[in-house]
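See below for structure39.cif, which holds mmCIF, C-alpha atoms.
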```
data_final
loop_
_atom_site.group_PDB
_atom_site.id
_atom_site.type_symbol
_atom_site.label_atom_id
_atom_site.label_comp_id
_atom_site.auth_asym_id
_atom_site.auth_seq_id
_atom_site.Cartn_x
_atom_site.Cartn_y
_atom_site.Cartn_z
ATOM 1 C CA MET A 24 5.925 81.571 148.776
ATOM 2 C CA PRO A 25 2.930 82.776 146.699
ATOM 3 C CA GLY A 26 3.506 85.547 144.141
ATOM 4 C CA PRO A 27 2.531 89.202 144.738
ATOM 5 C CA LEU A 28 -1.158 89.844 145.183
ATOM 6 C CA HIS A 29 -2.761 91.811 142.302
ATOM 7 C CA LEU A 30 -5.764 93.720 143.604
ATOM 8 C CA LYS A 31 -8.651 94.597 141.343
ATOM 9 C CA ARG A 32 -9.278 98.333 141.110
ATOM 10 C CA THR A 33 -12.637 99.745 141.993
ATOM 11 C CA PRO A 34 -14.369 102.186 139.587
ATOM 12 C CA ALA A 35 -13.375 105.093 141.822
ATOM 13 C CA GLU A 36 -9.746 103.997 141.781
ATOM 14 C CA GLU A 37 -9.847 103.606 138.000
ATOM 15 C CA HIS A 38 -11.200 107.181 137.660
ATOM 16 C CA ALA A 39 -8.536 108.577 140.002
ATOM 17 C CA ARG A 40 -5.810 106.668 138.148
ATOM 18 C CA ALA A 41 -6.986 108.054 134.779
ATOM 19 C CA ARG A 42 -7.031 111.543 136.239
ATOM 20 C CA ARG A 43 -3.486 111.150 137.585
ATOM 21 C CA LYS A 44 -2.256 109.880 134.236
ATOM 22 C CA ALA A 45 -3.831 112.851 132.473
ATOM 23 C CA HIS A 46 -2.157 115.251 134.914
ATOM 24 C CA LYS A 47 1.182 113.555 134.464
ATOM 25 C CA ALA A 48 0.895 113.648 130.677
ATOM 26 C CA ALA A 49 0.035 117.354 130.743
ATOM 27 C CA GLN A 50 2.923 118.051 133.102
ATOM 28 C CA ARG A 51 5.376 116.172 130.895
ATOM 29 C CA LYS A 52 4.125 118.071 127.867
ATOM 30 C CA ARG A 53 4.571 121.417 129.627
ATOM 31 C CA THR A 54 8.025 120.375 130.796
ATOM 32 C CA ARG A 55 9.096 119.517 127.252
ATOM 33 C CA GLU A 56 7.718 122.820 125.922
ATOM 34 C CA ALA A 57 9.461 124.747 128.661
ATOM 35 C CA GLY A 58 12.728 122.977 127.922
ATOM 36 C CA THR A 59 12.516 123.753 124.228
ATOM 37 C CA SER A 60 11.756 127.431 124.888
ATOM 38 C CA SER A 61 14.622 127.680 127.370
ATOM 39 C CA THR A 62 17.071 126.220 124.847
ATOM 40 C CA LYS A 63 16.093 128.678 122.170
ATOM 41 C CA LYS A 64 16.442 131.618 124.539
ATOM 42 C CA HIS A 65 19.847 130.389 125.668
ATOM 43 C CA ASP A 66 21.059 130.174 122.120
ATOM 44 C CA ASP A 67 19.992 133.738 121.419
ATOM 45 C CA ASP A 68 21.600 134.902 124.662
ATOM 46 C CA GLU A 69 18.292 136.299 125.696
ATOM 47 C CA TYR A 70 16.671 135.979 129.060
ATOM 48 C CA CYS A 71 12.990 136.016 129.656
ATOM 49 C CA PRO A 72 11.482 135.552 133.109
ATOM 50 C CA PRO A 73 9.166 132.587 133.433
ATOM 51 C CA SER A 74 5.627 133.270 132.445
ATOM 52 C CA SER A 75 2.947 133.229 135.045
ATOM 53 C CA SER A 76 1.109 130.637 132.918
ATOM 54 C CA HIS A 77 3.733 127.976 133.861
ATOM 55 C CA ARG A 78 3.251 128.073 137.596
ATOM 56 C CA PRO A 79 3.263 124.637 139.407
ATOM 57 C CA ASP A 80 0.184 122.426 138.988
ATOM 58 C CA TYR A 81 -0.707 121.723 142.592
ATOM 59 C CA ASP A 82 -3.470 119.276 141.686
ATOM 60 C CA ALA A 83 -1.018 117.128 139.751
ATOM 61 C CA ILE A 84 1.523 117.252 142.559
ATOM 62 C CA ARG A 85 -1.160 116.326 145.110
ATOM 63 C CA ALA A 86 -2.343 113.410 142.917
ATOM 64 C CA GLU A 87 1.237 112.171 142.562
ATOM 65 C CA LEU A 88 1.773 112.304 146.335
ATOM 66 C CA GLU A 89 -1.467 110.415 146.938
ATOM 67 C CA ASP A 90 -0.420 107.798 144.398
ATOM 68 C CA MET A 91 2.962 107.393 146.143
ATOM 69 C CA GLN A 92 1.260 107.021 149.537
ATOM 70 C CA PHE A 93 -1.173 104.463 148.119
ATOM 71 C CA ARG A 94 1.659 102.409 146.614
ATOM 72 C CA GLU A 95 3.576 102.557 149.910
ATOM 73 C CA LYS A 96 0.521 101.202 151.758
ATOM 74 C CA MET A 97 0.094 98.434 149.231
ATOM 75 C CA ARG A 98 3.793 97.515 149.555
ATOM 76 C CA GLY A 99 3.340 97.207 153.318
ATOM 77 C CA ALA A 100 0.229 95.098 152.783
ATOM 78 C CA PHE A 101 2.167 92.755 150.486
ATOM 79 C CA GLU A 102 4.916 92.357 153.094
ATOM 80 C CA GLU A 103 2.284 91.601 155.771
ATOM 81 C CA ASP A 104 0.678 88.984 153.488
ATOM 82 C CA GLU A 105 4.032 87.314 152.971
ATOM 83 C CA ARG A 106 4.676 87.237 156.727
ATOM 84 C CA LEU A 107 1.287 85.672 157.451
ATOM 85 C CA ASP A 108 1.728 83.150 154.651
ATOM 86 C CA GLY A 109 5.073 82.153 156.159
ATOM 87 C CA ILE A 110 3.466 81.647 159.580
ATOM 88 C CA ASN A 111 0.681 79.575 158.036
ATOM 89 C CA ALA A 112 3.227 77.431 156.202
ATOM 90 C CA ARG A 113 5.156 76.763 159.435
ATOM 91 C CA PHE A 114 1.969 75.639 161.178
ATOM 92 C CA ASN A 115 1.166 73.334 158.301
ATOM 93 C CA ASP A 116 4.519 71.587 158.793
ATOM 94 C CA TYR A 117 3.076 69.785 161.821
ATOM 95 C CA ALA A 118 1.367 67.260 159.564
ATOM 96 C CA HIS A 119 0.502 66.629 155.957
ATOM 97 C CA ILE A 120 -2.605 68.736 155.380
ATOM 98 C CA PRO A 121 -4.514 68.802 152.070
ATOM 99 C CA ASP A 122 -4.571 72.123 150.243
ATOM 100 C CA ARG A 123 -8.293 72.507 150.823
ATOM 101 C CA TRP A 124 -7.561 72.629 154.589
ATOM 102 C CA ALA A 125 -4.220 74.434 154.546
ATOM 103 C CA ARG A 126 -5.491 77.500 152.646
ATOM 104 C CA ASP A 127 -8.456 79.521 153.738
ATOM 105 C CA ALA A 128 -11.037 80.891 151.362
ATOM 106 C CA HIS A 129 -9.517 84.373 151.389
ATOM 107 C CA ASP A 130 -6.061 83.197 150.290
ATOM 108 C CA ALA A 131 -7.475 80.858 147.642
ATOM 109 C CA ALA A 132 -9.729 83.485 146.053
ATOM 110 C CA ASP A 133 -8.644 85.256 142.857
ATOM 111 C CA PRO A 134 -9.765 88.927 142.784
ATOM 112 C CA GLN A 135 -9.585 89.002 138.999
ATOM 113 C CA TYR A 136 -12.807 86.989 138.825
ATOM 114 C CA MET A 137 -14.768 88.943 141.452
ATOM 115 C CA ASP A 138 -17.528 91.453 140.990
ATOM 116 C CA ASP A 139 -17.571 94.722 142.954
ATOM 117 C CA ASP A 140 -19.407 93.310 145.990
ATOM 118 C CA GLU A 141 -17.213 90.216 146.195
ATOM 119 C CA TYR A 142 -14.083 92.316 145.810
ATOM 120 C CA ALA A 143 -15.185 94.704 148.570
ATOM 121 C CA GLU A 144 -15.898 91.779 150.890
ATOM 122 C CA TRP A 145 -12.547 90.236 149.984
ATOM 123 C CA VAL A 146 -10.749 93.498 150.865
ATOM 124 C CA ARG A 147 -12.607 93.716 154.197
ATOM 125 C CA GLN A 148 -11.599 90.160 155.060
ATOM 126 C CA GLY A 149 -7.997 90.929 154.183
ATOM 127 C CA MET A 150 -7.972 94.029 156.392
ATOM 128 C CA TRP A 151 -9.497 92.055 159.278
ATOM 129 C CA LYS A 152 -6.816 89.430 158.776
ATOM 130 C CA LYS A 153 -4.082 92.065 159.032
ATOM 131 C CA ASN A 154 -5.629 93.822 162.033
ATOM 132 C CA HIS A 155 -6.186 90.546 163.867
ATOM 133 C CA ALA A 156 -2.933 88.816 163.053
ATOM 134 C CA ARG A 157 -2.635 87.153 166.475
ATOM 135 C CA GLU A 158 -6.177 85.779 166.335
ATOM 136 C CA TYR A 159 -5.523 84.527 162.810
ATOM 137 C CA GLU A 160 -2.305 82.831 163.885
ATOM 138 C CA GLU A 161 -4.037 81.120 166.793
ATOM 139 C CA GLN A 162 -6.901 80.008 164.554
ATOM 140 C CA ALA A 163 -4.439 78.726 161.967
ATOM 141 C CA LYS A 164 -2.617 76.797 164.687
ATOM 142 C CA ARG A 165 -5.865 75.286 165.971
ATOM 143 C CA ASP A 166 -6.864 74.311 162.441
ATOM 144 C CA ALA A 167 -3.474 72.682 161.875
ATOM 145 C CA GLU A 168 -3.732 70.765 165.144
ATOM 146 C CA LYS A 169 -7.243 69.569 164.245
ATOM 147 C CA ALA A 170 -6.039 68.449 160.823
ATOM 148 C CA ALA A 171 -3.082 66.638 162.383
ATOM 149 C CA LYS A 172 -5.422 64.979 164.901
ATOM 150 C CA ARG A 173 -7.722 63.820 162.102
ATOM 151 C CA ALA A 174 -4.725 62.454 160.215
ATOM 152 C CA ARG A 175 -3.513 60.572 163.320
ATOM 153 C CA GLU A 176 -6.992 59.169 163.956
ATOM 154 C CA LYS A 177 -7.203 58.034 160.345
ATOM 155 C CA GLU A 178 -3.821 56.318 160.623
ATOM 156 C CA ILE A 179 -4.821 54.642 163.900
ATOM 157 C CA LYS A 180 -8.099 53.459 162.369
ATOM 158 C CA ALA A 181 -6.297 52.039 159.341
ATOM 159 C CA GLU A 182 -3.711 50.305 161.541
ATOM 160 C CA THR A 183 -6.447 48.858 163.766
ATOM 161 C CA ALA A 184 -8.287 47.516 160.723
ATOM 162 C CA ARG A 185 -5.049 45.998 159.418
ATOM 163 C CA ILE A 186 -4.319 44.267 162.736
ATOM 164 C CA GLU A 187 -7.887 42.936 162.957
ATOM 165 C CA ARG A 188 -7.669 41.639 159.386
ATOM 166 C CA LEU A 189 -4.372 39.892 160.125
ATOM 167 C CA ALA A 190 -5.891 38.375 163.285
ATOM 168 C CA ARG A 191 -8.878 37.053 161.307
ATOM 169 C CA GLU A 192 -6.628 35.595 158.636
ATOM 170 C CA GLN A 193 -4.451 33.954 161.280
ATOM 171 C CA GLU A 194 -7.507 32.474 163.013
ATOM 172 C CA GLU A 195 -8.821 31.168 159.691
ATOM 173 C CA ARG A 196 -5.462 29.543 158.977
ATOM 174 C CA ARG A 197 -5.489 27.938 162.425
ATOM 175 C CA ALA A 198 -9.045 26.673 161.890
ATOM 176 C CA ARG A 199 -8.094 25.186 158.531
ATOM 177 C CA GLU A 200 -5.027 23.590 160.069
ATOM 178 C CA ARG A 201 -7.088 22.099 162.920
ATOM 179 C CA GLN A 202 -9.597 20.763 160.417
ATOM 180 C CA ARG A 203 -6.811 19.306 158.299
ATOM 181 C CA GLN A 204 -5.271 17.597 161.329
ATOM 182 C CA ARG A 205 -8.635 16.176 162.407
ATOM 183 C CA GLY A 206 -9.204 14.837 158.901
ATOM 184 C CA GLN A 207 -5.756 13.310 158.814
ATOM 185 C CA GLU A 208 -6.289 11.634 162.193
ATOM 186 C CA TYR A 209 -9.697 10.311 161.108
ATOM 187 C CA ARG A 210 -8.198 8.874 157.917
ATOM 188 C CA GLN A 211 -5.454 7.203 159.964
ATOM 189 C CA ARG A 212 -8.031 5.601 162.271
ATOM 190 C CA TYR A 213 -10.005 4.558 159.186
ATOM 191 C CA GLU A 214 -6.983 2.725 157.750
ATOM 192 C CA GLN A 215 -6.100 1.166 161.110
ATOM 193 C CA ARG A 216 -9.647 -0.174 161.581
ATOM 194 C CA TRP A 217 -9.676 -1.632 158.068
ATOM 195 C CA LYS A 218 -6.315 -3.227 158.684
ATOM 196 C CA ALA A 219 -7.728 -4.841 161.823
ATOM 197 C CA LEU A 220 -10.856 -6.018 159.947
ATOM 198 C CA LEU A 221 -8.773 -7.642 157.229
ATOM 199 C CA ASP A 222 -6.325 -9.260 159.679
ATOM 200 C CA PRO A 223 -7.031 -13.039 159.632
ATOM 201 C CA ARG A 224 -6.228 -13.267 163.323
ATOM 202 C CA THR A 225 -8.970 -10.800 164.350
ATOM 203 C CA ARG A 226 -11.358 -10.960 161.415
ATOM 204 C CA ASP A 227 -13.868 -13.281 163.091
ATOM 205 C CA HIS A 228 -13.693 -11.844 166.598
ATOM 206 C CA GLY A 229 -16.843 -10.238 167.976
ATOM 207 C CA PRO A 230 -19.949 -8.696 166.365
ATOM 208 C CA LEU A 231 -19.674 -5.974 163.719
ATOM 209 C CA THR A 232 -22.402 -3.390 164.119
ATOM 210 C CA LEU A 233 -23.290 -0.587 161.749
ATOM 211 C CA ARG A 234 -21.184 1.873 163.732
ATOM 212 C CA ASP A 235 -18.199 -0.490 163.984
ATOM 213 C CA ILE A 236 -17.652 -0.438 160.232
ATOM 214 C CA PRO A 237 -15.158 2.249 159.090
ATOM 215 C CA TRP A 238 -17.066 4.183 156.435
ATOM 216 C CA PRO A 239 -15.189 6.287 153.827
ATOM 217 C CA PHE A 240 -16.617 9.694 154.758
ATOM 218 C CA PHE A 241 -16.849 12.129 157.654
ATOM 219 C CA SER A 242 -20.194 11.370 159.259
ATOM 220 C CA THR A 243 -21.789 14.281 161.093
ATOM 221 C CA ASN A 244 -23.798 11.770 163.105
ATOM 222 C CA ARG A 245 -20.753 10.233 164.711
ATOM 223 C CA LYS A 246 -20.774 12.897 167.420
ATOM 224 C CA GLY A 247 -22.433 11.941 170.670
ATOM 225 C CA SER A 248 -23.344 8.484 171.899
ATOM 226 C CA ASP A 249 -22.700 5.231 170.088
ATOM 227 C CA SER A 250 -26.436 4.720 169.639
ATOM 228 C CA THR A 251 -26.608 7.519 167.064
ATOM 229 C CA PRO A 252 -27.657 5.837 163.815
ATOM 230 C CA LEU A 253 -25.863 6.228 160.482
ATOM 231 C CA ASN A 254 -27.921 7.925 157.755
ATOM 232 C CA VAL A 255 -27.609 6.640 154.203
ATOM 233 C CA GLU A 256 -28.105 10.249 153.067
ATOM 234 C CA ASP A 257 -24.591 10.954 154.374
ATOM 235 C CA ILE A 258 -23.121 8.719 151.654
ATOM 236 C CA THR A 259 -22.766 11.189 148.763
ATOM 237 C CA PRO A 260 -20.123 11.648 146.041
ATOM 238 C CA GLU A 261 -19.044 14.911 147.692
ATOM 239 C CA ALA A 262 -18.631 13.298 151.114
ATOM 240 C CA ILE A 263 -16.615 10.331 149.793
ATOM 241 C CA THR A 264 -14.493 12.558 147.534
ATOM 242 C CA THR A 265 -13.666 14.886 150.431
ATOM 243 C CA PHE A 266 -12.610 11.948 152.572
ATOM 244 C CA LEU A 267 -10.779 9.725 150.067
ATOM 245 C CA LEU A 268 -9.321 12.352 147.718
ATOM 246 C CA PRO A 269 -8.074 15.322 149.786
ATOM 247 C CA ASP A 270 -6.305 18.217 148.152
ATOM 248 C CA VAL A 271 -2.597 17.776 147.532
ATOM 249 C CA ASP A 272 0.219 20.292 147.482
ATOM 250 C CA GLY A 273 1.318 22.008 144.318
ATOM 251 C CA THR A 274 4.433 19.848 143.912
ATOM 252 C CA THR A 275 2.406 16.819 142.744
ATOM 253 C CA THR A 276 1.893 16.567 139.002
ATOM 254 C CA PRO A 277 -1.633 16.121 137.555
ATOM 255 C CA ASP A 278 -0.747 12.629 136.300
ATOM 256 C CA ASP A 279 0.374 11.569 139.776
ATOM 257 C CA VAL A 280 -2.811 12.976 141.315
ATOM 258 C CA SER A 281 -5.010 11.136 138.788
ATOM 259 C CA ARG A 282 -3.127 7.860 139.392
ATOM 260 C CA ARG A 283 -3.408 8.250 143.159
ATOM 261 C CA ASN A 284 -7.157 8.926 142.930
ATOM 262 C CA ARG A 285 -7.810 5.890 140.746
ATOM 263 C CA ASP A 286 -5.808 3.623 143.058
ATOM 264 C CA LYS A 287 -7.595 4.902 146.156
ATOM 265 C CA LEU A 288 -11.054 4.519 144.616
ATOM 266 C CA LYS A 289 -10.235 1.019 143.360
ATOM 267 C CA GLU A 290 -8.970 -0.039 146.783
ATOM 268 C CA THR A 291 -12.090 1.297 148.497
ATOM 269 C CA LEU A 292 -14.388 -0.329 145.938
ATOM 270 C CA LEU A 293 -12.770 -3.718 146.613
ATOM 271 C CA ARG A 294 -13.444 -3.219 150.332
ATOM 272 C CA PHE A 295 -17.102 -2.254 149.868
ATOM 273 C CA HIS A 296 -18.033 -4.472 146.945
ATOM 274 C CA PRO A 297 -21.361 -5.999 148.079
ATOM 275 C CA ASP A 298 -20.422 -9.598 147.269
ATOM 276 C CA LYS A 299 -16.958 -9.372 148.850
ATOM 277 C CA PHE A 300 -18.211 -7.476 151.898
ATOM 278 C CA ASP A 301 -21.078 -9.961 152.352
ATOM 279 C CA GLY A 302 -18.718 -12.952 152.252
ATOM 280 C CA ARG A 303 -16.141 -11.396 154.597
ATOM 281 C CA PHE A 304 -18.134 -9.633 157.283
ATOM 282 C CA MET A 305 -21.889 -10.089 157.041
ATOM 283 C CA HIS A 306 -21.852 -13.176 159.287
ATOM 284 C CA ARG A 307 -20.570 -10.910 162.092
ATOM 285 C CA VAL A 308 -23.279 -8.276 161.662
ATOM 286 C CA PRO A 309 -26.168 -8.519 164.183
ATOM 287 C CA ALA A 310 -29.552 -9.309 162.677
ATOM 288 C CA SER A 311 -30.856 -5.885 163.702
ATOM 289 C CA ASP A 312 -28.170 -4.122 161.563
ATOM 290 C CA ILE A 313 -28.036 -6.424 158.517
ATOM 291 C CA GLU A 314 -30.527 -4.464 156.429
ATOM 292 C CA SER A 315 -28.933 -1.082 157.277
ATOM 293 C CA VAL A 316 -25.407 -2.376 156.613
ATOM 294 C CA ARG A 317 -26.345 -3.852 153.229
ATOM 295 C CA GLU A 318 -28.105 -0.609 152.236
ATOM 296 C CA ALA A 319 -25.089 1.511 153.250
ATOM 297 C CA VAL A 320 -22.589 -0.824 151.547
ATOM 298 C CA GLY A 321 -24.636 -0.764 148.337
ATOM 299 C CA GLN A 322 -24.785 3.049 148.396
ATOM 300 C CA VAL A 323 -21.010 3.296 148.910
ATOM 301 C CA ALA A 324 -20.403 0.920 145.998
ATOM 302 C CA ARG A 325 -22.698 2.897 143.683
ATOM 303 C CA VAL A 326 -21.012 6.190 144.551
ATOM 304 C CA LEU A 327 -17.554 4.675 144.048
ATOM 305 C CA ASN A 328 -18.583 3.385 140.603
ATOM 306 C CA VAL A 329 -19.717 6.882 139.656
ATOM 307 C CA LEU A 330 -16.413 8.372 140.842
ATOM 308 C CA MET A 331 -14.422 5.686 138.996
ATOM 309 C CA SER A 332 -16.281 6.503 135.788
ATOM 310 C CA GLY A 333 -15.385 10.159 136.241
ATOM 311 C CA GLN A 334 -11.702 9.344 136.751
ATOM 312 C CA SER A 335 -11.503 7.116 133.673
ATOM 313 C CA SER A 336 -13.253 9.626 131.338
#
```

As C-alpha cells, how would this structure be written, given the file I've shared?
Amino acid sequence: MPGPLHLKRTPAEEHARARRKAHKAAQRKRTREAGTSSTKKHDDDEYCPPSSSHRPDYDAIRAELEDMQFREKMRGAFEEDERLDGINARFNDYAHIPDRWARDAHDAADPQYMDDDEYAEWVRQGMWKKNHAREYEEQAKRDAEKAAKRAREKEIKAETARIERLAREQEERRARERQRQRGQEYRQRYEQRWKALLDPRTRDHGPLTLRDIPWPFFSTNRKGSDSTPLNVEDITPEAITTFLLPDVDGTTTPDDVSRRNRDKLKETLLRFHPDKFDGRFMHRVPASDIESVREAVGQVARVLNVLMSGQSS
C-alpha cells in the first residue's frame, strides 16, 4: 500500500495556519499567566474574581474547530485513497501490467514538485476521482482487461513466431537430409558404374558415350533427356571436392580425414589419367564424342592434380 498522501498547502492555507498558530500561542501564554496568578492567590488565601480581560477568545476557538474539521476531512480522504488503491491493485492482479499502465497520472504525481496551478488541477482530479468512484473502478477494470489482452496477444505472437521458426528449421533439416541422401545415392551409382567399367568381363561391351562415363561431380545438366550435353565448365575444383570429399562427422580425426582425402583423390586420378583412360576406354567411345571425352578427361585430371597439390602442402 502506498504511504499517506502529503498535500501541498496553498498560500491561503499557509496564512490561515500561521494565524491559528499565533492564536494558539497567545492562548497558551494567557493560560500560563492565569495559572501563575491563580497559584499566588491561592497561597495568600485570597480570592479575586476573574478579570474581564481574560474572557474566552472566540476567534481562536473557531480557528481550532475549523482546523479539527479540516483534519477530519483529510483523514477521510486518505482512507478513501487507500480503498481505491486497494481496488486498483486487485484489478491489476488479472495480469502482469507495467507500472506505467497500472498507475494513472494522478497517483504517480508528487504534489511537492507542483506549482499552484498544477496543484489545484491535481486536487480537482482527486476530488473527481472520489466523487466518481464507480466510474473510476470501471475504467480501471477496462484498462486492466486491455492490458491483459495486449499481454496475451504478445504471448500468442511470440509463440506463433517460435512455432514458425521451429517449422522452418525442421524443413531445412529435412532438405539437407534429402540432399545428403541424394548425394550418397549418386556416389553409390558412381562407384557401381566404375566397377562395371573396370570389370574385365564387361569392359569391352558396347559403346561408351560422353554421358555413359561416370564423372566425379554432380552435373546440373544431367536432368532431362539423355541428349543433354556435358559442359566442361562443370568440371571445377569446387564441384569435384563437393562430390569426392564430402563433410565427415566430428568423430573422425583430422589425420584420418586428410588420409582419406588423399586416397580418394589418388584413386580418381588413376581412373581419369589421360593415358590410362585412353588405353582402357577410348576405343569404345563413338567418333562424335572422342574430342569431348578427351577434353573432359583432361580437365578432370588437371583439377585432381591441383587438389592433390593442396592436400600434400

Could you list the residues chosen by the PyMOL selection byres ((chain A and resi 316) around 12) in this structure as an mmCIF file with C-alpha atoms, keeping the file's coordinate frame?
```cif
data_model
loop_
_atom_site.group_PDB
_atom_site.id
_atom_site.type_symbol
_atom_site.label_atom_id
_atom_site.label_comp_id
_atom_site.auth_asym_id
_atom_site.auth_seq_id
_atom_site.Cartn_x
_atom_site.Cartn_y
_atom_site.Cartn_z
ATOM 1 C CA LEU A 231 -19.674 -5.974 163.719
ATOM 2 C CA THR A 232 -22.402 -3.390 164.119
ATOM 3 C CA LEU A 233 -23.290 -0.587 161.749
ATOM 4 C CA ARG A 234 -21.184 1.873 163.732
ATOM 5 C CA ASP A 235 -18.199 -0.490 163.984
ATOM 6 C CA ILE A 236 -17.652 -0.438 160.232
ATOM 7 C CA PRO A 237 -15.158 2.249 159.090
ATOM 8 C CA TRP A 238 -17.066 4.183 156.435
ATOM 9 C CA PRO A 252 -27.657 5.837 163.815
ATOM 10 C CA LEU A 253 -25.863 6.228 160.482
ATOM 11 C CA ASN A 254 -27.921 7.925 157.755
ATOM 12 C CA VAL A 255 -27.609 6.640 154.203
ATOM 13 C CA PHE A 295 -17.102 -2.254 149.868
ATOM 14 C CA PRO A 297 -21.361 -5.999 148.079
ATOM 15 C CA PHE A 300 -18.211 -7.476 151.898
ATOM 16 C CA ASP A 301 -21.078 -9.961 152.352
ATOM 17 C CA PHE A 304 -18.134 -9.633 157.283
ATOM 18 C CA MET A 305 -21.889 -10.089 157.041
ATOM 19 C CA HIS A 306 -21.852 -13.176 159.287
ATOM 20 C CA ARG A 307 -20.570 -10.910 162.092
ATOM 21 C CA VAL A 308 -23.279 -8.276 161.662
ATOM 22 C CA PRO A 309 -26.168 -8.519 164.183
ATOM 23 C CA ALA A 310 -29.552 -9.309 162.677
ATOM 24 C CA SER A 311 -30.856 -5.885 163.702
ATOM 25 C CA ASP A 312 -28.170 -4.122 161.563
ATOM 26 C CA ILE A 313 -28.036 -6.424 158.517
ATOM 27 C CA GLU A 314 -30.527 -4.464 156.429
ATOM 28 C CA SER A 315 -28.933 -1.082 157.277
ATOM 29 C CA ARG A 317 -26.345 -3.852 153.229
ATOM 30 C CA GLU A 318 -28.105 -0.609 152.236
ATOM 31 C CA ALA A 319 -25.089 1.511 153.250
ATOM 32 C CA VAL A 320 -22.589 -0.824 151.547
ATOM 33 C CA GLY A 321 -24.636 -0.764 148.337
ATOM 34 C CA GLN A 322 -24.785 3.049 148.396
ATOM 35 C CA VAL A 323 -21.010 3.296 148.910
#
```

Given all atoms listed in the file as the counted atoms, nearest of A:Gln202, A:Gln92, A:Thr259, A:Thr33 to Phe240 (chain A):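 Smallest separation from Phe240 (chain A) among the options: A:Thr259.
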
Atom-to-atom span, CA of Pro223 (chain A) and CA of Gly302 (chain A), Å: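 Interatomic distance, CA of Pro223 (chain A) to CA of Gly302 (chain A): 13.8 Å.
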
Atom pair CA of Asp80 (chain A) / CA of Arg55 (chain A): separation (Å):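 These atoms are spaced 15.0 Å apart.
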
Edge lengths and centre in Å to one decimal, as AutoDock Vina command-line options, is what I'm after for the box along x, y and z that holds all listed atoms of region 283-294 of chain A once 6 Å is added on each side.
```
--center_x -8.9 --center_y 2.6 --center_z 145.5 --size_x 23.0 --size_y 24.6 --size_z 21.6
```

Residue IDs satisfying the PyMOL selection byres ((chain A and resi 83) around 9), as a ChimeraX atom specification: /A:42-43,45-47,50,79-82,84-88

Write out the residues from the selection above, keeping C-alpha atoms, as a compact mmCIF listing (two decimals), keeping the file's coordinate frame.
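Okay, part-v7.txt is ready:
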```txt
# COMPACT_ATOMS: atom_id res chain seq x y z
CA ARG A 42 -7.03 111.54 136.24
CA ARG A 43 -3.49 111.15 137.58
CA ALA A 45 -3.83 112.85 132.47
CA HIS A 46 -2.16 115.25 134.91
CA LYS A 47 1.18 113.56 134.46
CA GLN A 50 2.92 118.05 133.10
CA PRO A 79 3.26 124.64 139.41
CA ASP A 80 0.18 122.43 138.99
CA TYR A 81 -0.71 121.72 142.59
CA ASP A 82 -3.47 119.28 141.69
CA ILE A 84 1.52 117.25 142.56
CA ARG A 85 -1.16 116.33 145.11
CA ALA A 86 -2.34 113.41 142.92
CA GLU A 87 1.24 112.17 142.56
CA LEU A 88 1.77 112.30 146.34
```

CA of Thr183 (chain A) to CA of Lys164 (chain A), straight-line distance in Å: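 Rounded to one decimal, the two atoms are 28.2 Å apart.
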